[in-house]
$ cat entry39.pdb   # PDB, C-alpha atoms
ATOM      1  CA  ASP F 255     -18.963 147.949 -92.749  1.00  0.00           C
ATOM      2  CA  ALA F 256     -21.169 145.671 -94.826  1.00  0.00           C
ATOM      3  CA  LYS F 257     -22.406 147.017 -98.155  1.00  0.00           C
ATOM      4  CA  THR F 258     -26.142 147.055 -98.820  1.00  0.00           C
ATOM      5  CA  THR F 259     -28.225 146.969-101.960  1.00  0.00           C
ATOM      6  CA  GLN F 260     -31.772 148.278-101.981  1.00  0.00           C
ATOM      7  CA  PRO F 261     -34.083 149.036-104.905  1.00  0.00           C
ATOM      8  CA  PRO F 262     -34.139 152.804-105.514  1.00  0.00           C
ATOM      9  CA  SER F 263     -37.922 153.027-105.410  1.00  0.00           C
ATOM     10  CA  MET F 264     -41.104 151.027-104.903  1.00  0.00           C
ATOM     11  CA  ASP F 265     -44.823 151.693-105.102  1.00  0.00           C
ATOM     12  CA  CYS F 266     -47.452 150.168-102.852  1.00  0.00           C
ATOM     13  CA  ALA F 267     -51.229 150.479-102.776  1.00  0.00           C
ATOM     14  CA  GLU F 268     -52.712 151.890 -99.609  1.00  0.00           C
ATOM     15  CA  GLY F 269     -53.874 149.131 -97.271  1.00  0.00           C
ATOM     16  CA  ARG F 270     -51.662 146.505 -98.841  1.00  0.00           C
ATOM     17  CA  ALA F 271     -48.481 145.090 -97.378  1.00  0.00           C
ATOM     18  CA  ALA F 272     -45.257 146.807 -98.383  1.00  0.00           C
ATOM     19  CA  ASN F 273     -42.294 144.431 -98.640  1.00  0.00           C
ATOM     20  CA  LEU F 274     -38.952 146.221 -98.842  1.00  0.00           C
ATOM     21  CA  PRO F 275     -35.937 144.032 -99.666  1.00  0.00           C
ATOM     22  CA  CYS F 276     -32.303 144.565 -98.739  1.00  0.00           C
ATOM     23  CA  ASN F 277     -29.223 142.594 -99.712  1.00  0.00           C
ATOM     24  CA  HIS F 278     -26.304 142.666 -97.277  1.00  0.00           C
ATOM     25  CA  SER F 279     -24.238 139.708 -98.426  1.00  0.00           C
ATOM     26  CA  THR F 280     -21.025 140.896 -96.703  1.00  0.00           C
ATOM     27  CA  ILE F 281     -22.588 141.245 -93.272  1.00  0.00           C
ATOM     28  CA  SER F 282     -20.458 139.856 -90.466  1.00  0.00           C
ATOM     29  CA  GLY F 283     -21.674 137.465 -87.833  1.00  0.00           C
ATOM     30  CA  ASN F 284     -22.251 139.981 -85.074  1.00  0.00           C
ATOM     31  CA  GLU F 285     -23.597 142.865 -87.129  1.00  0.00           C
ATOM     32  CA  TYR F 286     -27.219 143.749 -86.596  1.00  0.00           C
ATOM     33  CA  VAL F 287     -29.568 144.748 -89.408  1.00  0.00           C
ATOM     34  CA  TYR F 288     -31.234 148.091 -88.689  1.00  0.00           C
ATOM     35  CA  TRP F 289     -34.088 149.727 -90.565  1.00  0.00           C
ATOM     36  CA  TYR F 290     -34.844 153.442 -90.444  1.00  0.00           C
ATOM     37  CA  ARG F 291     -37.101 155.648 -92.486  1.00  0.00           C
ATOM     38  CA  GLN F 292     -37.084 159.344 -93.295  1.00  0.00           C
ATOM     39  CA  ILE F 293     -40.273 161.139 -94.049  1.00  0.00           C
ATOM     40  CA  HIS F 294     -39.853 164.311 -96.095  1.00  0.00           C
ATOM     41  CA  SER F 295     -38.270 167.188 -94.157  1.00  0.00           C
ATOM     42  CA  GLN F 296     -37.922 165.167 -90.960  1.00  0.00           C
ATOM     43  CA  GLY F 297     -35.035 163.403 -89.247  1.00  0.00           C
ATOM     44  CA  PRO F 298     -34.733 159.628 -89.696  1.00  0.00           C
ATOM     45  CA  GLN F 299     -36.923 157.451 -87.522  1.00  0.00           C
ATOM     46  CA  TYR F 300     -35.913 154.091 -86.107  1.00  0.00           C
ATOM     47  CA  ILE F 301     -38.195 151.244 -87.204  1.00  0.00           C
ATOM     48  CA  ILE F 302     -36.782 147.902 -86.141  1.00  0.00           C
ATOM     49  CA  HIS F 303     -33.593 145.872 -85.913  1.00  0.00           C
ATOM     50  CA  GLY F 304     -32.554 142.240 -85.631  1.00  0.00           C
ATOM     51  CA  LEU F 305     -29.593 139.898 -85.560  1.00  0.00           C
ATOM     52  CA  LYS F 306     -30.724 136.409 -86.557  1.00  0.00           C
ATOM     53  CA  ASN F 307     -34.351 135.921 -85.628  1.00  0.00           C
ATOM     54  CA  ASN F 308     -37.328 137.533 -87.269  1.00  0.00           C
ATOM     55  CA  GLU F 309     -38.611 140.507 -85.325  1.00  0.00           C
ATOM     56  CA  THR F 310     -41.954 142.258 -85.057  1.00  0.00           C
ATOM     57  CA  ASN F 311     -43.021 145.456 -83.358  1.00  0.00           C
ATOM     58  CA  GLU F 312     -45.918 147.863 -83.613  1.00  0.00           C
ATOM     59  CA  MET F 313     -44.517 149.423 -86.779  1.00  0.00           C
ATOM     60  CA  ALA F 314     -43.227 146.545 -88.867  1.00  0.00           C
ATOM     61  CA  SER F 315     -41.858 143.024 -89.181  1.00  0.00           C
ATOM     62  CA  LEU F 316     -38.308 142.132 -90.121  1.00  0.00           C
ATOM     63  CA  ILE F 317     -37.569 138.861 -91.882  1.00  0.00           C
ATOM     64  CA  ILE F 318     -33.886 137.874 -91.998  1.00  0.00           C
ATOM     65  CA  THR F 319     -32.797 134.965 -94.166  1.00  0.00           C
ATOM     66  CA  GLU F 320     -31.065 132.062 -92.477  1.00  0.00           C
ATOM     67  CA  ASP F 321     -27.717 132.945 -94.089  1.00  0.00           C
ATOM     68  CA  ARG F 322     -28.273 136.589 -93.036  1.00  0.00           C
ATOM     69  CA  LYS F 323     -27.338 137.841 -96.481  1.00  0.00           C
ATOM     70  CA  SER F 324     -30.656 139.559 -97.020  1.00  0.00           C
ATOM     71  CA  SER F 325     -33.662 140.835 -95.155  1.00  0.00           C
ATOM     72  CA  THR F 326     -37.147 142.150 -95.850  1.00  0.00           C
ATOM     73  CA  LEU F 327     -38.981 144.873 -93.985  1.00  0.00           C
ATOM     74  CA  ILE F 328     -42.724 144.370 -94.015  1.00  0.00           C
ATOM     75  CA  LEU F 329     -45.250 147.134 -93.357  1.00  0.00           C
ATOM     76  CA  PRO F 330     -48.415 145.033 -93.035  1.00  0.00           C
ATOM     77  CA  HIS F 331     -50.990 147.655 -93.982  1.00  0.00           C
ATOM     78  CA  ALA F 332     -49.300 150.595 -95.651  1.00  0.00           C
ATOM     79  CA  THR F 333     -50.871 154.038 -95.321  1.00  0.00           C
ATOM     80  CA  LEU F 334     -50.156 157.281 -97.168  1.00  0.00           C
ATOM     81  CA  ARG F 335     -48.149 158.401 -94.134  1.00  0.00           C
ATOM     82  CA  ASP F 336     -45.713 155.549 -94.714  1.00  0.00           C
ATOM     83  CA  THR F 337     -44.429 157.283 -97.850  1.00  0.00           C
ATOM     84  CA  ALA F 338     -40.751 157.826 -97.030  1.00  0.00           C
ATOM     85  CA  VAL F 339     -37.193 156.791 -97.786  1.00  0.00           C
ATOM     86  CA  TYR F 340     -36.423 153.469 -96.088  1.00  0.00           C
ATOM     87  CA  TYR F 341     -32.864 152.685 -95.110  1.00  0.00           C
ATOM     88  CA  CYS F 342     -31.413 149.249 -94.407  1.00  0.00           C
ATOM     89  CA  LEU F 343     -28.200 149.512 -92.387  1.00  0.00           C
ATOM     90  CA  PRO F 344     -26.067 146.673 -91.092  1.00  0.00           C
ATOM     91  CA  GLY F 345     -24.008 147.768 -88.142  1.00  0.00           C
ATOM     92  CA  PHE F 346     -22.527 146.870 -84.838  1.00  0.00           C
ATOM     93  CA  TYR F 347     -24.718 147.937 -81.973  1.00  0.00           C
ATOM     94  CA  GLY F 348     -23.342 151.086 -80.410  1.00  0.00           C
ATOM     95  CA  ASN F 349     -21.164 151.952 -83.389  1.00  0.00           C
ATOM     96  CA  LYS F 350     -21.949 154.552 -85.972  1.00  0.00           C
ATOM     97  CA  LEU F 351     -24.471 153.676 -88.663  1.00  0.00           C
ATOM     98  CA  VAL F 352     -23.659 154.375 -92.302  1.00  0.00           C
ATOM     99  CA  PHE F 353     -26.701 155.366 -94.333  1.00  0.00           C
ATOM    100  CA  GLY F 354     -26.903 154.442 -98.006  1.00  0.00           C
ATOM    101  CA  ALA F 355     -29.335 155.760-100.617  1.00  0.00           C
ATOM    102  CA  GLY F 356     -32.289 153.736 -99.334  1.00  0.00           C
ATOM    103  CA  THR F 357     -35.565 152.905-101.063  1.00  0.00           C
ATOM    104  CA  ILE F 358     -38.174 155.556-101.801  1.00  0.00           C
ATOM    105  CA  LEU F 359     -41.520 153.970-100.936  1.00  0.00           C
ATOM    106  CA  ARG F 360     -44.543 155.656-102.448  1.00  0.00           C
ATOM    107  CA  VAL F 361     -47.870 154.565-101.001  1.00  0.00           C
ATOM    108  CA  LYS F 362     -50.688 155.400-103.377  1.00  0.00           C
ATOM    109  CA  SER F 363     -54.406 155.576-102.812  1.00  0.00           C
TER     110      SER F 363
ATOM    111  CA  GLY T 151     -36.537 166.212 -72.519  1.00  0.00           C
ATOM    112  CA  ALA T 152     -38.542 163.606 -74.376  1.00  0.00           C
ATOM    113  CA  GLY T 153     -36.567 163.822 -77.589  1.00  0.00           C
ATOM    114  CA  VAL T 154     -33.376 165.115 -79.147  1.00  0.00           C
ATOM    115  CA  SER T 155     -33.500 168.876 -79.394  1.00  0.00           C
ATOM    116  CA  GLN T 156     -31.515 170.870 -81.929  1.00  0.00           C
ATOM    117  CA  SER T 157     -31.101 174.611 -82.211  1.00  0.00           C
ATOM    118  CA  PRO T 158     -31.453 176.739 -84.130  1.00  0.00           C
ATOM    119  CA  SER T 159     -33.919 175.037 -86.454  1.00  0.00           C
ATOM    120  CA  ASN T 160     -32.861 177.329 -89.282  1.00  0.00           C
ATOM    121  CA  LYS T 161     -29.712 179.385 -89.752  1.00  0.00           C
ATOM    122  CA  VAL T 162     -28.792 181.675 -92.611  1.00  0.00           C
ATOM    123  CA  THR T 163     -25.234 182.928 -92.568  1.00  0.00           C
ATOM    124  CA  GLU T 164     -22.895 184.795 -94.831  1.00  0.00           C
ATOM    125  CA  LYS T 165     -20.014 183.005 -96.482  1.00  0.00           C
ATOM    126  CA  GLY T 166     -16.915 183.215 -94.317  1.00  0.00           C
ATOM    127  CA  LYS T 167     -18.746 183.500 -90.999  1.00  0.00           C
ATOM    128  CA  ASP T 168     -18.511 180.930 -88.213  1.00  0.00           C
ATOM    129  CA  VAL T 169     -21.615 179.079 -87.019  1.00  0.00           C
ATOM    130  CA  GLU T 170     -22.366 176.982 -83.978  1.00  0.00           C
ATOM    131  CA  LEU T 171     -25.067 174.325 -83.957  1.00  0.00           C
ATOM    132  CA  ARG T 172     -26.383 172.826 -80.758  1.00  0.00           C
ATOM    133  CA  CYS T 173     -27.717 169.403 -79.874  1.00  0.00           C
ATOM    134  CA  ASP T 174     -29.387 168.391 -76.617  1.00  0.00           C
ATOM    135  CA  PRO T 175     -29.550 164.580 -76.511  1.00  0.00           C
ATOM    136  CA  ILE T 176     -32.039 162.511 -74.587  1.00  0.00           C
ATOM    137  CA  SER T 177     -31.058 162.493 -70.934  1.00  0.00           C
ATOM    138  CA  GLY T 178     -28.922 159.466 -70.101  1.00  0.00           C
ATOM    139  CA  HIS T 179     -27.986 158.652 -73.682  1.00  0.00           C
ATOM    140  CA  THR T 180     -24.270 157.984 -73.744  1.00  0.00           C
ATOM    141  CA  ALA T 181     -23.811 158.057 -77.517  1.00  0.00           C
ATOM    142  CA  LEU T 182     -24.266 161.117 -79.729  1.00  0.00           C
ATOM    143  CA  TYR T 183     -23.865 161.387 -83.489  1.00  0.00           C
ATOM    144  CA  TRP T 184     -23.772 164.225 -86.010  1.00  0.00           C
ATOM    145  CA  TYR T 185     -24.803 163.719 -89.628  1.00  0.00           C
ATOM    146  CA  ARG T 186     -25.121 166.075 -92.577  1.00  0.00           C
ATOM    147  CA  GLN T 187     -27.712 165.828 -95.320  1.00  0.00           C
ATOM    148  CA  ARG T 188     -27.401 167.954 -98.422  1.00  0.00           C
ATOM    149  CA  LEU T 189     -30.522 168.681-100.431  1.00  0.00           C
ATOM    150  CA  GLY T 190     -31.769 165.538-102.174  1.00  0.00           C
ATOM    151  CA  GLN T 191     -28.951 163.400-100.854  1.00  0.00           C
ATOM    152  CA  GLY T 192     -28.421 160.753 -98.182  1.00  0.00           C
ATOM    153  CA  LEU T 193     -27.043 161.144 -94.678  1.00  0.00           C
ATOM    154  CA  GLU T 194     -23.330 161.716 -94.357  1.00  0.00           C
ATOM    155  CA  PHE T 195     -21.706 160.718 -91.043  1.00  0.00           C
ATOM    156  CA  LEU T 196     -19.642 163.478 -89.416  1.00  0.00           C
ATOM    157  CA  ILE T 197     -18.666 162.588 -85.850  1.00  0.00           C
ATOM    158  CA  TYR T 198     -19.589 160.206 -83.019  1.00  0.00           C
ATOM    159  CA  PHE T 199     -19.219 160.588 -79.239  1.00  0.00           C
ATOM    160  CA  GLN T 200     -19.501 157.597 -76.901  1.00  0.00           C
ATOM    161  CA  GLY T 201     -19.241 158.313 -73.189  1.00  0.00           C
ATOM    162  CA  ASN T 202     -15.750 159.393 -72.180  1.00  0.00           C
ATOM    163  CA  SER T 203     -14.035 157.681 -75.116  1.00  0.00           C
ATOM    164  CA  ALA T 204     -12.204 159.688 -77.741  1.00  0.00           C
ATOM    165  CA  PRO T 205     -14.707 160.772 -80.402  1.00  0.00           C
ATOM    166  CA  ASP T 206     -14.718 159.205 -83.868  1.00  0.00           C
ATOM    167  CA  LYS T 207     -14.028 162.209 -86.089  1.00  0.00           C
ATOM    168  CA  SER T 208     -13.497 160.220 -89.254  1.00  0.00           C
ATOM    169  CA  GLY T 209     -16.409 161.844 -91.080  1.00  0.00           C
ATOM    170  CA  LEU T 210     -15.509 165.499 -90.602  1.00  0.00           C
ATOM    171  CA  PRO T 211     -14.985 166.875 -94.133  1.00  0.00           C
ATOM    172  CA  SER T 212     -12.313 169.458 -93.283  1.00  0.00           C
ATOM    173  CA  ASP T 213     -10.517 171.151 -90.396  1.00  0.00           C
ATOM    174  CA  ARG T 214     -13.142 173.904 -90.539  1.00  0.00           C
ATOM    175  CA  PHE T 215     -15.474 171.469 -88.805  1.00  0.00           C
ATOM    176  CA  SER T 216     -15.180 170.625 -85.119  1.00  0.00           C
ATOM    177  CA  ALA T 217     -17.469 169.324 -82.417  1.00  0.00           C
ATOM    178  CA  GLU T 218     -17.448 169.149 -78.668  1.00  0.00           C
ATOM    179  CA  ARG T 219     -19.472 167.336 -76.086  1.00  0.00           C
ATOM    180  CA  THR T 220     -19.354 167.922 -72.351  1.00  0.00           C
ATOM    181  CA  GLY T 221     -19.797 164.626 -70.540  1.00  0.00           C
ATOM    182  CA  GLU T 222     -23.017 163.007 -71.649  1.00  0.00           C
ATOM    183  CA  SER T 223     -24.885 166.224 -72.281  1.00  0.00           C
ATOM    184  CA  VAL T 224     -24.995 168.970 -74.869  1.00  0.00           C
ATOM    185  CA  SER T 225     -22.908 168.879 -78.010  1.00  0.00           C
ATOM    186  CA  THR T 226     -21.974 171.759 -80.300  1.00  0.00           C
ATOM    187  CA  LEU T 227     -20.890 171.475 -83.910  1.00  0.00           C
ATOM    188  CA  THR T 228     -18.845 174.435 -85.093  1.00  0.00           C
ATOM    189  CA  ILE T 229     -18.198 175.312 -88.718  1.00  0.00           C
ATOM    190  CA  GLN T 230     -15.584 177.983 -89.253  1.00  0.00           C
ATOM    191  CA  ARG T 231     -15.330 180.198 -92.335  1.00  0.00           C
ATOM    192  CA  THR T 232     -18.498 178.734 -93.822  1.00  0.00           C
ATOM    193  CA  GLN T 233     -18.668 177.977 -97.519  1.00  0.00           C
ATOM    194  CA  GLN T 234     -21.702 177.583 -99.762  1.00  0.00           C
ATOM    195  CA  GLU T 235     -21.117 173.828 -99.976  1.00  0.00           C
ATOM    196  CA  ASP T 236     -21.715 173.652 -96.224  1.00  0.00           C
ATOM    197  CA  SER T 237     -25.393 174.384 -96.840  1.00  0.00           C
ATOM    198  CA  ALA T 238     -27.279 171.346 -95.610  1.00  0.00           C
ATOM    199  CA  VAL T 239     -29.446 169.990 -92.821  1.00  0.00           C
ATOM    200  CA  TYR T 240     -27.301 168.993 -89.859  1.00  0.00           C
ATOM    201  CA  LEU T 241     -28.855 166.136 -87.906  1.00  0.00           C
ATOM    202  CA  CYS T 242     -28.007 164.995 -84.408  1.00  0.00           C
ATOM    203  CA  ALA T 243     -28.924 161.612 -82.944  1.00  0.00           C
ATOM    204  CA  SER T 244     -28.431 159.979 -79.566  1.00  0.00           C
ATOM    205  CA  SER T 245     -28.671 156.420 -78.336  1.00  0.00           C
ATOM    206  CA  LEU T 246     -28.615 154.582 -75.066  1.00  0.00           C
ATOM    207  CA  ARG T 247     -25.873 152.106 -75.763  1.00  0.00           C
ATOM    208  CA  GLN T 248     -27.109 149.400 -73.468  1.00  0.00           C
ATOM    209  CA  ASP T 249     -30.616 149.607 -74.821  1.00  0.00           C
ATOM    210  CA  ALA T 250     -31.020 147.194 -77.729  1.00  0.00           C
ATOM    211  CA  ASN T 251     -34.588 148.173 -78.475  1.00  0.00           C
ATOM    212  CA  TYR T 252     -34.700 151.704 -79.810  1.00  0.00           C
ATOM    213  CA  GLY T 253     -31.608 152.457 -81.849  1.00  0.00           C
ATOM    214  CA  TYR T 254     -30.928 156.069 -82.590  1.00  0.00           C
ATOM    215  CA  THR T 255     -33.305 158.928 -81.901  1.00  0.00           C
ATOM    216  CA  PHE T 256     -32.796 161.803 -84.306  1.00  0.00           C
ATOM    217  CA  GLY T 257     -33.562 165.446 -83.784  1.00  0.00           C
ATOM    218  CA  SER T 258     -35.353 167.525 -86.406  1.00  0.00           C
ATOM    219  CA  GLY T 259     -32.121 169.039 -87.599  1.00  0.00           C
ATOM    220  CA  THR T 260     -30.704 172.497 -88.231  1.00  0.00           C
ATOM    221  CA  ARG T 261     -31.112 173.763 -91.767  1.00  0.00           C
ATOM    222  CA  LEU T 262     -27.990 175.795 -92.563  1.00  0.00           C
ATOM    223  CA  THR T 263     -27.962 178.095 -95.575  1.00  0.00           C
ATOM    224  CA  VAL T 264     -24.738 179.841 -96.498  1.00  0.00           C
ATOM    225  CA  VAL T 265     -25.273 182.821 -98.785  1.00  0.00           C
TER     226      VAL T 265
END

$ encode --input "entry39.pdb" --output "structure tokens"
Amino acid sequence: DAKTTQPPSMDCAEGRAANLPCNHSTISGNEYVYWYRQIHSQGPQYIIHGLKNNETNEMASLIITEDRKSSTLILPHATLRDTAVYYCLPGFYGNKLVFGAGTILRVKS
Amino acid sequence: GAGVSQSPSNKVTEKGKDVELRCDPISGHTALYWYRQRLGQGLEFLIYFQGNSAPDKSGLPSDRFSAERTGESVSTLTIQRTQQEDSAVYLCASSLRQDANYGYTFGSGTRLTVV
């Protein structure tokens, strides 16, 4: 499994875009990049995933570099409810996902 | 049901007792996963079931831990002779393997406290 590096914590002002980086330089060609988040005392929640192309859904956008060695999750207008631990996980679709330490995002008013 | 259901939501047990945790996945989801999360720590993979294939048990921490799944339905995680270090939230997730859009859906977990 590819190793990931994420900053341990980040702050973001409410209403601003939150940009969460992830380095996954050892990712293999057919591994997806998944993003999950875990709000306090809840189970993790799927956000988005991608392989090569940038992706967007109702929650977030995922920007993957052309060499696929890093990606950025973008929450376009962060709210206080987006305060959570955000996990970047490379993995093969259908195989188990290995969760690292993630990034604690604190959205502040 | 609409989501992954886990029971009980909370369990307090005495050291040395056996406990059984239950997970009801989303109907039709072929893959089911168990994770453990100790207080203030990340998720630790335990075991993975995919259809009728042999489960991936590589994350089970000791032979006191076992899990079963009948077909593509309910799974039970059993911890025998519980120890205080087993105290954690046990999370179950399921996924529809052919569906590339939604990833895993997690349940709310069972909080196990061994006293």

$ interface_residues --input "entry39.pdb" --of "chain T" --to "chain F" --cutoff "9 Å" --atoms "all atoms listed in the file" --output "list in words"
Ala181, Tyr183, Gln191, Gly192, Leu193, Glu194, Phe195, Ile197, Tyr198, Gln200, Asp206, Leu241, Cys242, Ala243, Ser245, Leu246, Arg247, Gln248, Ala250, Asn251, Tyr252, Gly253, Tyr254, Thr255, Phe256, Gly257, Ser258 and Gly259 of chain T

$ atom_distance --input "entry39.pdb" --atom1 "atom CA of Ile293 of chain F" --atom2 "atom CA of Asp336 of chain F"
7.8 Å

$ resolve_selection --input "entry39.pdb" --expression "the PyMOL selection byres ((chain F and resi 285) around 8)" --output "PyMOL selection string"
chain F and resi 281-284+286-287+305+344-347

$ residues_around --input "entry39.pdb" --residues "Arg188 of chain T" --least-positions-apart "4" --cutoff "7 Å" --atoms "all atoms listed in the file" --output "VMD selection string"
chain T and resid 237 to 239

$ atom_distance --input "entry39.pdb" --atom1 "atom CA of Tyr240 of chain T" --atom2 "atom CA of Ala314 of chain F"
27.5 Å

$ closest_residue --input "entry39.pdb" --among "T:Leu196, T:Leu262, T:Leu171, T:Leu210" --to "Leu227 of chain T" --atoms "all atoms listed in the file"
T:Leu171

$ closest_residue --input "entry39.pdb" --among "F:Asn307, F:Met313, F:Thr337, F:Ser325" --to "Thr258 of chain F" --atoms "all atoms listed in the file"
F:Ser325

$ residues_near_point --input "entry39.pdb" --point "(-31.4, 166.3, -78.5)" --cutoff "8 Å" --atoms "only C-alpha atoms" --output "list of chain:residue names"
T:Gly151, T:Gly153, T:Val154, T:Ser155, T:Gln156, T:Cys173, T:Asp174, T:Pro175, T:Ile176, T:Val224, T:Cys242, T:Ala243, T:Ser244, T:Phe256, T:Gly257

$ resolve_selection --input "entry39.pdb" --expression "the PyMOL selection byres ((chain T and resi 231) around 9)" --output "number ranges by chain"
T: 165-169, 214, 229-230, 232-233

$ write_last_selection --input "entry39.pdb" --atoms "C-alpha atoms" --output "JSON list (two decimals), in the coordinates of the input"
[["chain", "number", "residue", "atom", "x", "y", "z"],
["T", 165, "LYS", "CA", -20.01, 183.00, -96.48],
["T", 166, "GLY", "CA", -16.92, 183.22, -94.32],
["T", 167, "LYS", "CA", -18.75, 183.50, -91.00],
["T", 168, "ASP", "CA", -18.51, 180.93, -88.21],
["T", 169, "VAL", "CA", -21.62, 179.08, -87.02],
["T", 214, "ARG", "CA", -13.14, 173.90, -90.54],
["T", 229, "ILE", "CA", -18.20, 175.31, -88.72],
["T", 230, "GLN", "CA", -15.58, 177.98, -89.25],
["T", 232, "THR", "CA", -18.50, 178.73, -93.82],
["T", 233, "GLN", "CA", -18.67, 177.98, -97.52]]

$ resolve_selection --input "entry39.pdb" --expression "the PyMOL selection byres ((chain F and resi 359) around 6)" --output "list in words"
Ser263, Met264, Asp265, Thr337, Ala338, Ile358 and Arg360 of chain F

$ residues_around --input "entry39.pdb" --residues "Leu274 of chain F" --least-positions-apart "2" --cutoff "7 Å" --atoms "all atoms listed in the file" --output "ChimeraX atom specification"
/F:272,276,326-328

$ atom_distance --input "entry39.pdb" --atom1 "atom CA of Lys323 of chain F" --atom2 "atom CA of Thr280 of chain F"
7.0 Å

$ closest_residue --input "entry39.pdb" --among "F:Cys266, F:Val361, F:His278, F:Ser315" --to "Cys342 of chain F" --atoms "only C-alpha atoms"
F:His278

$ closest_residue --input "entry39.pdb" --among "F:Asn273, F:Thr310, F:Thr357, F:Ser279" --to "Tyr340 of chain F" --atoms "only C-alpha atoms"
F:Thr357

$ closest_residue --input "entry39.pdb" --among "F:Thr319, F:Asn311, F:Arg335, F:Leu343" --to "Lys362 of chain F" --atoms "all atoms listed in the file"
F:Arg335
